[in-house]
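Here is the file upload10.cif (mmCIF, C-alpha atoms and all ligand atoms).
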```cif
data_target
loop_
_atom_site.group_PDB
_atom_site.id
_atom_site.type_symbol
_atom_site.label_atom_id
_atom_site.label_comp_id
_atom_site.auth_asym_id
_atom_site.auth_seq_id
_atom_site.Cartn_x
_atom_site.Cartn_y
_atom_site.Cartn_z
ATOM 1 C CA MET A 1 -17.430 -6.634 25.514
ATOM 2 C CA ARG A 2 -16.021 -4.501 22.700
ATOM 3 C CA ALA A 3 -14.501 -6.132 19.614
ATOM 4 C CA LEU A 4 -11.056 -4.590 19.304
ATOM 5 C CA TYR A 5 -8.918 -3.978 16.195
ATOM 6 C CA CYS A 6 -5.784 -1.926 15.748
ATOM 7 C CA LEU A 7 -2.907 -0.701 13.642
ATOM 8 C CA ILE A 8 0.574 -1.479 14.888
ATOM 9 C CA GLY A 9 3.684 0.340 13.681
ATOM 10 C CA ASP A 10 6.158 2.997 14.693
ATOM 11 C CA PRO A 11 5.164 5.781 14.272
ATOM 12 C CA VAL A 12 1.341 5.494 14.042
ATOM 13 C CA GLU A 13 0.269 8.935 15.258
ATOM 14 C CA HIS A 14 -0.480 10.262 11.761
ATOM 15 C CA SER A 15 -2.451 7.278 10.566
ATOM 16 C CA VAL A 16 -5.996 7.762 9.300
ATOM 17 C CA SER A 17 -6.795 4.058 9.716
ATOM 18 C CA PRO A 18 -8.662 4.612 13.020
ATOM 19 C CA HIS A 19 -10.800 7.245 11.239
ATOM 20 C CA MET A 20 -11.583 4.871 8.357
ATOM 21 C CA PHE A 21 -12.348 1.738 10.356
ATOM 22 C CA ASN A 22 -14.343 3.418 13.113
ATOM 23 C CA ALA A 23 -16.430 5.181 10.451
ATOM 24 C CA ALA A 24 -17.020 1.825 8.737
ATOM 25 C CA PHE A 25 -18.021 0.237 12.052
ATOM 26 C CA ARG A 26 -20.484 3.047 12.827
ATOM 27 C CA HIS A 27 -21.872 2.984 9.287
ATOM 28 C CA GLY A 28 -22.348 -0.788 9.537
ATOM 29 C CA GLY A 29 -24.119 -0.593 12.914
ATOM 30 C CA LEU A 30 -21.155 -2.224 14.684
ATOM 31 C CA ASP A 31 -21.257 0.140 17.656
ATOM 32 C CA ASP A 32 -19.385 -2.248 19.946
ATOM 33 C CA HIS A 33 -16.390 -2.387 17.570
ATOM 34 C CA LEU A 34 -13.366 -0.165 18.091
ATOM 35 C CA TYR A 35 -10.147 0.424 16.106
ATOM 36 C CA VAL A 36 -7.126 2.075 17.707
ATOM 37 C CA ALA A 37 -3.543 2.872 16.707
ATOM 38 C CA VAL A 38 -0.884 1.257 18.901
ATOM 39 C CA ARG A 39 2.735 2.299 18.723
ATOM 40 C CA VAL A 40 4.790 -0.895 18.849
ATOM 41 C CA GLY A 41 8.587 -0.686 18.683
ATOM 42 C CA ARG A 42 10.761 -3.324 17.056
ATOM 43 C CA ARG A 43 11.583 -4.966 20.371
ATOM 44 C CA GLU A 44 7.920 -5.143 21.394
ATOM 45 C CA LEU A 45 6.655 -6.734 18.189
ATOM 46 C CA LYS A 46 6.989 -10.423 19.150
ATOM 47 C CA SER A 47 5.352 -9.865 22.517
ATOM 48 C CA PHE A 48 2.497 -7.820 21.003
ATOM 49 C CA VAL A 49 1.699 -10.448 18.366
ATOM 50 C CA GLU A 50 1.894 -13.341 20.811
ATOM 51 C CA HIS A 51 -0.404 -11.574 23.273
ATOM 52 C CA SER A 52 -2.766 -10.028 20.725
ATOM 53 C CA ARG A 53 -5.523 -12.592 21.312
ATOM 54 C CA LEU A 54 -5.168 -12.342 25.078
ATOM 55 C CA MET A 55 -5.445 -8.541 24.852
ATOM 56 C CA GLY A 56 -8.757 -8.994 23.065
ATOM 57 C CA PHE A 57 -7.771 -8.036 19.513
ATOM 58 C CA LYS A 58 -9.707 -9.768 16.749
ATOM 59 C CA GLY A 59 -7.456 -8.418 14.032
ATOM 60 C CA PHE A 60 -4.780 -5.848 13.355
ATOM 61 C CA ASN A 61 -3.110 -3.963 10.536
ATOM 62 C CA VAL A 62 0.636 -3.703 10.282
ATOM 63 C CA THR A 63 2.643 -0.758 9.008
ATOM 64 C CA ILE A 64 6.269 0.411 8.824
ATOM 65 C CA PRO A 65 8.601 -1.005 10.155
ATOM 66 C CA HIS A 66 6.920 -4.374 10.887
ATOM 67 C CA LYS A 67 5.427 -5.565 7.578
ATOM 68 C CA VAL A 68 8.192 -8.123 7.001
ATOM 69 C CA ALA A 69 9.275 -8.839 10.576
ATOM 70 C CA VAL A 70 5.745 -9.756 11.711
ATOM 71 C CA MET A 71 5.642 -12.777 9.394
ATOM 72 C CA GLU A 72 7.785 -15.016 11.580
ATOM 73 C CA PHE A 73 5.316 -14.722 14.465
ATOM 74 C CA LEU A 74 2.253 -15.814 12.445
ATOM 75 C CA ASP A 75 0.868 -19.347 11.979
ATOM 76 C CA ARG A 76 -0.359 -18.966 8.391
ATOM 77 C CA LEU A 77 0.113 -16.729 5.379
ATOM 78 C CA ASP A 78 -2.263 -15.951 2.575
ATOM 79 C CA GLY A 79 -0.918 -16.520 -0.970
ATOM 80 C CA GLU A 80 -0.361 -12.824 -1.727
ATOM 81 C CA ALA A 81 1.454 -12.162 1.561
ATOM 82 C CA GLU A 82 3.675 -15.165 0.883
ATOM 83 C CA GLU A 83 4.540 -13.924 -2.621
ATOM 84 C CA VAL A 84 5.189 -10.309 -1.685
ATOM 85 C CA GLY A 85 7.001 -11.276 1.504
ATOM 86 C CA ALA A 86 5.103 -8.721 3.586
ATOM 87 C CA VAL A 87 1.928 -8.604 5.688
ATOM 88 C CA ASN A 88 -0.326 -5.614 6.314
ATOM 89 C CA THR A 89 -3.366 -7.362 7.823
ATOM 90 C CA VAL A 90 -3.594 -10.080 10.483
ATOM 91 C CA GLU A 91 -6.652 -12.140 11.312
ATOM 92 C CA VAL A 92 -6.689 -13.243 14.960
ATOM 93 C CA ALA A 93 -8.725 -16.462 14.916
ATOM 94 C CA SER A 94 -9.246 -18.676 17.964
ATOM 95 C CA ARG A 95 -6.622 -21.204 16.834
ATOM 96 C CA TYR A 96 -4.309 -19.286 14.530
ATOM 97 C CA LEU A 97 -2.927 -15.920 13.417
ATOM 98 C CA LYS A 98 -3.076 -15.473 9.647
ATOM 99 C CA GLY A 99 -1.295 -12.780 7.626
ATOM 100 C CA TYR A 100 -2.573 -11.131 4.449
ATOM 101 C CA ASN A 101 -1.306 -8.490 2.049
ATOM 102 C CA THR A 102 -4.332 -6.446 1.059
ATOM 103 C CA ASP A 103 -2.174 -3.926 -0.898
ATOM 104 C CA VAL A 104 -1.949 -6.486 -3.717
ATOM 105 C CA ILE A 105 -5.708 -7.049 -3.787
ATOM 106 C CA ALA A 106 -6.307 -3.285 -3.617
ATOM 107 C CA ILE A 107 -4.052 -2.544 -6.600
ATOM 108 C CA LYS A 108 -5.796 -5.271 -8.604
ATOM 109 C CA LYS A 109 -9.119 -3.585 -7.838
ATOM 110 C CA ILE A 110 -8.104 -0.022 -8.717
ATOM 111 C CA ILE A 111 -6.148 -0.626 -11.946
ATOM 112 C CA PRO A 112 -8.517 -1.726 -14.720
ATOM 113 C CA ARG A 113 -7.305 -4.984 -16.310
ATOM 114 C CA ARG A 114 -7.617 -3.501 -19.813
ATOM 115 C CA TRP A 115 -4.761 -1.107 -19.000
ATOM 116 C CA ALA A 116 -2.469 -3.821 -17.709
ATOM 117 C CA GLU A 117 -3.158 -6.738 -20.040
ATOM 118 C CA ASP A 118 -0.272 -7.415 -22.451
ATOM 119 C CA SER A 119 1.186 -3.987 -21.756
ATOM 120 C CA ALA A 120 4.265 -2.649 -19.981
ATOM 121 C CA ALA A 121 4.370 -0.774 -16.676
ATOM 122 C CA ALA A 122 6.953 1.300 -14.810
ATOM 123 C CA ILE A 123 7.185 1.160 -11.037
ATOM 124 C CA LEU A 124 9.042 4.033 -9.348
ATOM 125 C CA GLY A 125 10.660 2.892 -6.101
ATOM 126 C CA VAL A 126 11.655 -0.632 -5.174
ATOM 127 C CA GLY A 127 10.443 -1.066 -1.580
ATOM 128 C CA GLY A 128 7.584 -3.114 -0.118
ATOM 129 C CA ALA A 129 4.774 -1.273 -1.902
ATOM 130 C CA ALA A 130 6.613 -1.634 -5.224
ATOM 131 C CA ARG A 131 6.714 -5.403 -4.708
ATOM 132 C CA ALA A 132 2.981 -5.472 -4.057
ATOM 133 C CA ALA A 133 2.501 -3.495 -7.292
ATOM 134 C CA ALA A 134 4.751 -5.896 -9.232
ATOM 135 C CA ILE A 135 2.704 -8.920 -8.135
ATOM 136 C CA ALA A 136 -0.638 -7.169 -8.723
ATOM 137 C CA LEU A 137 0.385 -6.013 -12.212
ATOM 138 C CA ARG A 138 1.692 -9.479 -13.094
ATOM 139 C CA ASP A 139 -1.644 -10.971 -11.986
ATOM 140 C CA LEU A 140 -3.475 -8.380 -14.128
ATOM 141 C CA GLY A 141 -1.594 -9.636 -17.188
ATOM 142 C CA CYS A 142 1.115 -6.969 -17.435
ATOM 143 C CA ALA A 143 3.792 -8.486 -19.676
ATOM 144 C CA ARG A 144 6.842 -6.322 -18.920
ATOM 145 C CA GLN A 145 7.836 -4.180 -15.968
ATOM 146 C CA VAL A 146 10.430 -1.430 -15.596
ATOM 147 C CA TYR A 147 11.710 -0.823 -12.055
ATOM 148 C CA VAL A 148 13.136 2.617 -11.369
ATOM 149 C CA GLY A 149 15.236 3.085 -8.239
ATOM 150 C CA ARG A 150 17.903 5.346 -6.820
ATOM 151 C CA ARG A 151 20.322 2.732 -5.472
ATOM 152 C CA GLU A 152 22.036 -0.186 -7.218
ATOM 153 C CA LYS A 153 21.644 -2.479 -4.219
ATOM 154 C CA THR A 154 17.881 -2.206 -3.747
ATOM 155 C CA LEU A 155 17.341 -2.204 -7.523
ATOM 156 C CA ARG A 156 19.198 -5.506 -7.825
ATOM 157 C CA GLU A 157 17.145 -6.966 -4.956
ATOM 158 C CA MET A 158 13.978 -5.958 -6.797
ATOM 159 C CA GLY A 159 15.347 -7.614 -9.943
ATOM 160 C CA ARG A 160 15.932 -10.878 -8.062
ATOM 161 C CA PHE A 161 12.453 -10.678 -6.556
ATOM 162 C CA ALA A 162 10.913 -10.286 -10.026
ATOM 163 C CA SER A 163 13.027 -13.016 -11.648
ATOM 164 C CA MET A 164 11.990 -15.533 -8.991
ATOM 165 C CA ARG A 165 8.361 -14.733 -9.756
ATOM 166 C CA GLY A 166 8.690 -15.016 -13.507
ATOM 167 C CA ILE A 167 8.295 -11.294 -14.248
ATOM 168 C CA GLU A 168 10.078 -9.956 -17.353
ATOM 169 C CA HIS A 169 11.709 -6.721 -16.270
ATOM 170 C CA THR A 170 14.268 -3.969 -16.790
ATOM 171 C CA LEU A 171 16.140 -2.169 -13.999
ATOM 172 C CA LEU A 172 16.817 1.566 -14.330
ATOM 173 C CA LYS A 173 18.133 4.293 -12.097
ATOM 174 C CA PHE A 174 16.234 7.578 -11.838
ATOM 175 C CA THR A 175 19.353 9.211 -13.316
ATOM 176 C CA SER A 176 19.536 6.904 -16.366
ATOM 177 C CA LYS A 177 19.570 8.606 -19.772
ATOM 178 C CA ASP A 178 17.244 5.802 -21.000
ATOM 179 C CA LEU A 179 14.493 6.695 -18.528
ATOM 180 C CA ASP A 180 12.576 8.934 -20.939
ATOM 181 C CA LYS A 181 12.682 6.324 -23.714
ATOM 182 C CA LYS A 182 11.646 3.453 -21.418
ATOM 183 C CA LEU A 183 8.781 5.479 -19.958
ATOM 184 C CA GLY A 184 7.622 6.129 -23.499
ATOM 185 C CA GLU A 185 7.088 2.376 -23.910
ATOM 186 C CA VAL A 186 4.854 1.820 -20.852
ATOM 187 C CA LYS A 187 1.115 2.296 -20.406
ATOM 188 C CA ILE A 188 1.092 2.370 -16.601
ATOM 189 C CA VAL A 189 3.286 4.353 -14.193
ATOM 190 C CA VAL A 190 3.111 3.586 -10.454
ATOM 191 C CA ASN A 191 4.731 5.855 -7.895
ATOM 192 C CA ALA A 192 5.766 3.636 -4.975
ATOM 193 C CA THR A 193 8.143 6.189 -3.430
ATOM 194 C CA PRO A 194 7.167 8.736 -0.754
ATOM 195 C CA VAL A 195 8.115 11.617 -3.088
ATOM 196 C CA GLY A 196 5.341 14.226 -3.193
ATOM 197 C CA MET A 197 4.028 13.386 0.273
ATOM 198 C CA TYR A 198 3.014 16.097 2.754
ATOM 199 C CA PRO A 199 4.783 18.313 3.828
ATOM 200 C CA ASN A 200 7.040 18.066 0.727
ATOM 201 C CA THR A 201 4.153 18.459 -1.689
ATOM 202 C CA ARG A 202 6.273 20.154 -4.374
ATOM 203 C CA GLY A 203 8.146 16.929 -4.910
ATOM 204 C CA CYS A 204 7.497 14.877 -8.033
ATOM 205 C CA PRO A 205 9.211 11.518 -8.700
ATOM 206 C CA LEU A 206 9.579 12.300 -12.436
ATOM 207 C CA PRO A 207 10.659 15.410 -14.349
ATOM 208 C CA ARG A 208 7.465 17.031 -15.634
ATOM 209 C CA GLU A 209 8.466 16.632 -19.291
ATOM 210 C CA MET A 210 8.357 12.847 -18.814
ATOM 211 C CA ILE A 211 4.703 12.903 -17.711
ATOM 212 C CA SER A 212 2.508 12.403 -20.755
ATOM 213 C CA SER A 213 -0.995 11.589 -21.985
ATOM 214 C CA GLY A 214 -2.200 8.118 -22.928
ATOM 215 C CA LYS A 215 -0.973 6.511 -19.716
ATOM 216 C CA LEU A 216 -2.495 5.523 -16.393
ATOM 217 C CA TYR A 217 -0.722 6.990 -13.354
ATOM 218 C CA LEU A 218 -1.178 5.466 -9.899
ATOM 219 C CA ASP A 219 0.400 7.491 -7.105
ATOM 220 C CA MET A 220 0.453 5.546 -3.831
ATOM 221 C CA VAL A 221 1.007 8.764 -1.887
ATOM 222 C CA TYR A 222 -2.378 9.710 -0.374
ATOM 223 C CA ASN A 223 -1.474 12.893 1.514
ATOM 224 C CA PRO A 224 -2.221 15.143 -0.352
ATOM 225 C CA PRO A 225 -5.002 13.255 -2.189
ATOM 226 C CA GLU A 226 -3.869 14.861 -5.461
ATOM 227 C CA THR A 227 -0.071 14.972 -5.706
ATOM 228 C CA LEU A 228 1.951 17.068 -8.128
ATOM 229 C CA LEU A 229 2.519 13.926 -10.222
ATOM 230 C CA LEU A 230 -1.223 13.279 -10.534
ATOM 231 C CA ARG A 231 -2.108 16.922 -11.111
ATOM 232 C CA THR A 232 0.423 17.185 -13.933
ATOM 233 C CA ALA A 233 -0.676 13.868 -15.458
ATOM 234 C CA ARG A 234 -4.357 14.852 -15.281
ATOM 235 C CA LYS A 235 -3.714 18.217 -16.929
ATOM 236 C CA ARG A 236 -1.837 16.456 -19.735
ATOM 237 C CA GLY A 237 -4.685 14.048 -20.411
ATOM 238 C CA GLY A 238 -3.440 11.020 -18.487
ATOM 239 C CA VAL A 239 -5.733 8.744 -16.485
ATOM 240 C CA VAL A 240 -5.033 9.142 -12.766
ATOM 241 C CA VAL A 241 -5.639 6.915 -9.750
ATOM 242 C CA GLY A 242 -4.838 8.365 -6.328
ATOM 243 C CA GLY A 243 -3.249 6.822 -3.263
ATOM 244 C CA LEU A 244 -6.447 7.477 -1.336
ATOM 245 C CA ASP A 245 -8.271 5.034 -3.636
ATOM 246 C CA MET A 246 -5.626 2.459 -2.760
ATOM 247 C CA LEU A 247 -5.736 3.267 0.949
ATOM 248 C CA VAL A 248 -9.506 2.799 1.038
ATOM 249 C CA ALA A 249 -9.378 -0.330 -1.169
ATOM 250 C CA GLN A 250 -6.807 -2.069 1.049
ATOM 251 C CA ALA A 251 -8.821 -1.135 4.161
ATOM 252 C CA VAL A 252 -12.025 -2.470 2.554
ATOM 253 C CA GLU A 253 -10.263 -5.814 1.993
ATOM 254 C CA ALA A 254 -9.015 -5.924 5.600
ATOM 255 C CA PHE A 255 -12.546 -5.218 6.843
ATOM 256 C CA LYS A 256 -13.889 -8.059 4.674
ATOM 257 C CA ILE A 257 -11.303 -10.479 6.112
ATOM 258 C CA TRP A 258 -12.252 -9.594 9.688
ATOM 259 C CA MET A 259 -16.010 -9.115 9.333
ATOM 260 C CA GLY A 260 -16.913 -11.377 6.439
ATOM 261 C CA ARG A 261 -18.815 -8.541 4.815
ATOM 262 C CA ARG A 262 -18.143 -5.424 2.783
ATOM 263 C CA PRO A 263 -17.985 -2.017 4.514
ATOM 264 C CA SER A 264 -19.049 1.295 2.982
ATOM 265 C CA PRO A 265 -16.041 2.534 0.942
ATOM 266 C CA ASP A 266 -17.651 5.993 0.811
ATOM 267 C CA ALA A 267 -17.857 6.249 4.597
ATOM 268 C CA MET A 268 -14.220 5.153 4.857
ATOM 269 C CA ARG A 269 -13.086 7.633 2.213
ATOM 270 C CA ARG A 270 -14.934 10.547 3.820
ATOM 271 C CA ALA A 271 -13.417 9.687 7.200
ATOM 272 C CA ALA A 272 -9.908 9.401 5.720
ATOM 273 C CA LEU A 273 -10.234 12.814 4.065
ATOM 274 C CA LYS A 274 -11.436 14.345 7.325
ATOM 275 C CA GLY A 275 -8.502 12.777 9.171
ATOM 276 C CA LEU A 276 -6.001 14.033 6.597
ATOM 277 C CA ARG A 277 -7.388 17.572 6.825
ATOM 278 C CA GLY A 278 -6.846 17.423 10.592
ATOM 279 C CA PHE A 279 -3.185 16.485 10.191
ATOM 280 C CA ARG A 280 -2.510 19.276 7.691
ATOM 281 C CA ARG A 281 -3.909 21.995 9.907
HETATM 282 N N1 LIG A 301 -1.966 4.287 -0.598
HETATM 283 C C1 LIG A 301 -1.701 3.188 0.070
HETATM 284 O O1 LIG A 301 -2.593 2.446 0.501
HETATM 285 C C2 LIG A 301 -0.266 2.808 0.308
HETATM 286 C C3 LIG A 301 0.060 1.496 0.654
HETATM 287 C C4 LIG A 301 1.418 1.189 0.827
HETATM 288 C C5 LIG A 301 2.383 2.179 0.685
HETATM 289 N N2 LIG A 301 1.993 3.449 0.364
HETATM 290 C C6 LIG A 301 2.972 4.522 0.179
HETATM 291 O O2 LIG A 301 3.920 4.098 -0.784
HETATM 292 C C7 LIG A 301 5.187 4.674 -0.489
HETATM 293 C C8 LIG A 301 6.241 3.563 -0.434
HETATM 294 O O3 LIG A 301 5.946 2.694 0.650
HETATM 295 P P1 LIG A 301 6.871 1.420 0.964
HETATM 296 O O4 LIG A 301 6.191 0.684 2.065
HETATM 297 O O5 LIG A 301 7.232 0.702 -0.276
HETATM 298 O O6 LIG A 301 8.181 2.131 1.535
HETATM 299 P P2 LIG A 301 9.683 1.571 1.480
HETATM 300 O O7 LIG A 301 9.680 0.089 1.603
HETATM 301 O O8 LIG A 301 10.425 2.407 2.443
HETATM 302 O O9 LIG A 301 10.178 1.922 -0.027
HETATM 303 C C9 LIG A 301 10.297 3.239 -0.486
HETATM 304 C C10 LIG A 301 10.993 3.236 -1.832
HETATM 305 O O10 LIG A 301 11.041 4.592 -2.283
HETATM 306 C C11 LIG A 301 12.381 4.960 -2.563
HETATM 307 N N3 LIG A 301 12.604 6.354 -2.242
HETATM 308 C C12 LIG A 301 12.486 6.962 -1.027
HETATM 309 N N4 LIG A 301 12.762 8.275 -1.145
HETATM 310 C C13 LIG A 301 13.055 8.494 -2.446
HETATM 311 C C14 LIG A 301 13.455 9.644 -3.178
HETATM 312 N N5 LIG A 301 13.562 10.834 -2.593
HETATM 313 N N6 LIG A 301 13.692 9.517 -4.501
HETATM 314 C C15 LIG A 301 13.573 8.305 -5.108
HETATM 315 N N7 LIG A 301 13.220 7.179 -4.459
HETATM 316 C C16 LIG A 301 12.963 7.272 -3.148
HETATM 317 C C17 LIG A 301 13.232 4.050 -1.696
HETATM 318 O O11 LIG A 301 14.515 3.998 -2.290
HETATM 319 P P3 LIG A 301 15.714 3.078 -1.747
HETATM 320 O O12 LIG A 301 15.403 1.709 -2.269
HETATM 321 O O13 LIG A 301 16.891 3.695 -2.372
HETATM 322 O O14 LIG A 301 15.657 3.189 -0.255
HETATM 323 C C18 LIG A 301 12.447 2.750 -1.770
HETATM 324 O O15 LIG A 301 12.764 2.045 -2.931
HETATM 325 C C19 LIG A 301 5.015 5.424 0.838
HETATM 326 O O16 LIG A 301 4.782 6.777 0.556
HETATM 327 C C20 LIG A 301 3.772 4.806 1.436
HETATM 328 O O17 LIG A 301 3.080 5.694 2.294
HETATM 329 C C21 LIG A 301 0.701 3.780 0.181
#
```

Once more with this new file: its structure as structure tokens, please.
Amino acid sequence: MRALYCLIGDPVEHSVSPHMFNAAFRHGGLDDHLYVAVRVGRRELKSFVEHSRLMGFKGFNVTIPHKVAVMEFLDRLDGEAEEVGAVNTVEVASRYLKGYNTDVIAIKKIIPRRWAEDSAAAILGVGGAARAAAIALRDLGCARQVYVGRREKTLREMGRFASMRGIEHTLLKFTSKDLDKKLGEVKIVVNATPVGMYPNTRGCPLPREMISSGKLYLDMVYNPPETLLLRTARKRGGVVVGGLDMLVAQAVEAFKIWMGRRPSPDAMRRAALKGLRGFRR
């Protein structure tokens, strides 16, 4: 019998996760393993999770809009998932369902500690991925964080989230006249908004004059692999980390949870790139 894994979300049609995981399975000689994308609507979530074992799934990834909602149907949560308040990977064991947040682990792997330690960072966007970045940067030793958002309400929620986790922070709107000055004080800038994502590839979350050298830029957007933000930062002498690195790193961690061994990140990356090219055609 095949060992089944999947991604649940709505929509899932444009996901490259099946490309990445099936490539990792083939590369690892796991020919009887299969990963599929399953569109699960909000009203179907409870039923899917409760029947996941019965349907033969050994694990599944979770994407928008279920990363928070799925938590109430699980038996256990890993420390990072508990702290972020969101799950992107579920282990289906014989006696329990356990949720993980591999975005946090991935960010900790792709941002070198020397950049984060005792420094300040700016996170653009205040959604789920921004929270994962806040926890990861805190764990890497980042002393101060600046959260940049477009709405008072979600900015304040992010502020409460950070306060409860002991993170020293400042809240700023994208339109604030202090943005330039505050960005001048940070060493790391993380884009956790969808701005710049295909098909709106001319979008950039910051005015170009605010993108400077001497900083590390992580753009979580992975389609295109090099966004306008990263291209500008690279040309100006900044250090850049792409969303594809994060996508592969979080998938590597999910694979390790399910299989107990490390997959080939190169095989996963090649497959993701191939999948992305297919969607852009
Ligand atoms: N590479 C990876 O492995 C990886 C992993 C996770 C997420 N991501 C990417 O990260 C991005 C954020 O994901 P998420 O799960 O955090 O989504 P989310 O929970 O929906 O949060 C998105 C955030 O971006 C803000 N935003 C949206 N459009 C904006 C705009 N035009 N200008 C300024 N801010 C804007 C939203 O503002 P409001 O608060 O005002 O709504 C919100 O704060 C997505 O592109 C996602 O694909 C990548």

Subject >> Contacts to ligand LIG 301 (chain A) at 9 Å cut-off (all atoms listed in the file) as a PyMOL selection string >> reply: chain A and resi 63-65+67+88+103+106-107+124-132+148-155+158+174+191-197+203-205+219-223+242-251

Original post:
Between atom CA of A:Val104 and atom CA of A:Val146, what is the spacing in Å?
Top reply: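 We find that atom CA of A:Val146 and atom CA of A:Val104 lie 17.9 Å from each other.
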
Decode the PyMOL selection byres (((chain A and resi 274) around 12) and not hetatm) for the given file into explicit residues and return them as an mmCIF file with C-alpha atoms, in the coordinates of the input.
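Dumped everything to out_22.cif:
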```
data_model
loop_
_atom_site.group_PDB
_atom_site.id
_atom_site.type_symbol
_atom_site.label_atom_id
_atom_site.label_comp_id
_atom_site.auth_asym_id
_atom_site.auth_seq_id
_atom_site.Cartn_x
_atom_site.Cartn_y
_atom_site.Cartn_z
ATOM 1 C CA SER A 15 -2.451 7.278 10.566
ATOM 2 C CA VAL A 16 -5.996 7.762 9.300
ATOM 3 C CA SER A 17 -6.795 4.058 9.716
ATOM 4 C CA PRO A 18 -8.662 4.612 13.020
ATOM 5 C CA HIS A 19 -10.800 7.245 11.239
ATOM 6 C CA MET A 20 -11.583 4.871 8.357
ATOM 7 C CA ALA A 23 -16.430 5.181 10.451
ATOM 8 C CA ASN A 223 -1.474 12.893 1.514
ATOM 9 C CA PRO A 225 -5.002 13.255 -2.189
ATOM 10 C CA ALA A 267 -17.857 6.249 4.597
ATOM 11 C CA MET A 268 -14.220 5.153 4.857
ATOM 12 C CA ARG A 269 -13.086 7.633 2.213
ATOM 13 C CA ARG A 270 -14.934 10.547 3.820
ATOM 14 C CA ALA A 271 -13.417 9.687 7.200
ATOM 15 C CA ALA A 272 -9.908 9.401 5.720
ATOM 16 C CA LEU A 273 -10.234 12.814 4.065
ATOM 17 C CA GLY A 275 -8.502 12.777 9.171
ATOM 18 C CA LEU A 276 -6.001 14.033 6.597
ATOM 19 C CA ARG A 277 -7.388 17.572 6.825
ATOM 20 C CA GLY A 278 -6.846 17.423 10.592
ATOM 21 C CA PHE A 279 -3.185 16.485 10.191
ATOM 22 C CA ARG A 280 -2.510 19.276 7.691
ATOM 23 C CA ARG A 281 -3.909 21.995 9.907
#
```

Original post:
In terms of the shortest atom-to-atom distance over all atoms listed in the file, which of A:Val92, A:Val190, A:Ala133, A:Val87 is closest to A:Leu54?
Top reply: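 Using all atoms listed in the file, A:Leu54 sits closest to A:Val92.
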
Subject >> Shell around A:Val240 at 10 Å using all atoms listed in the file, local window under 4 positions removed, as a PyMOL selection string >> reply: chain A and resi 111+188-189+215-219+226+229-234

Under the PyMOL selection byres (((chain A and resi 185) around 9) and not hetatm), which residues of this model are included? Write them out as a CSV table (one decimal) with C-alpha atoms, keeping the file's coordinate frame.
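Result written to expr.csv:
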```csv
chain,number,residue,atom,x,y,z
A,119,SER,CA,1.2,-4.0,-21.8
A,120,ALA,CA,4.3,-2.6,-20.0
A,121,ALA,CA,4.4,-0.8,-16.7
A,181,LYS,CA,12.7,6.3,-23.7
A,182,LYS,CA,11.6,3.5,-21.4
A,183,LEU,CA,8.8,5.5,-20.0
A,184,GLY,CA,7.6,6.1,-23.5
A,186,VAL,CA,4.9,1.8,-20.9
A,187,LYS,CA,1.1,2.3,-20.4
```

Original post:
If you apply the PyMOL selection byres (((chain A and resi 74) around 12) and not hetatm) to this file, what residues do you get, as a PyMOL selection string?
Top reply: chain A and resi 45-46+48-52+67-73+75-78+81-82+86-87+89-93+95-100

Subject >> Between atom CA of A:Ile105 and atom CA of A:Ser213, distance in Å (one decimal) >> reply: 26.5 Å

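Separating atom CA of A:Asn200 from atom CA of A:Gly41 is a distance of 26.0 Å.
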
Subject >> Residues within 6 Å of (-14.2, -6.6, 15.3), file coords, all atoms listed in the file, listed as a list in words >> reply: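 Every residue inside that radius is included here: Ala3, Leu4, Tyr5, His33 and Lys58 of chain A.
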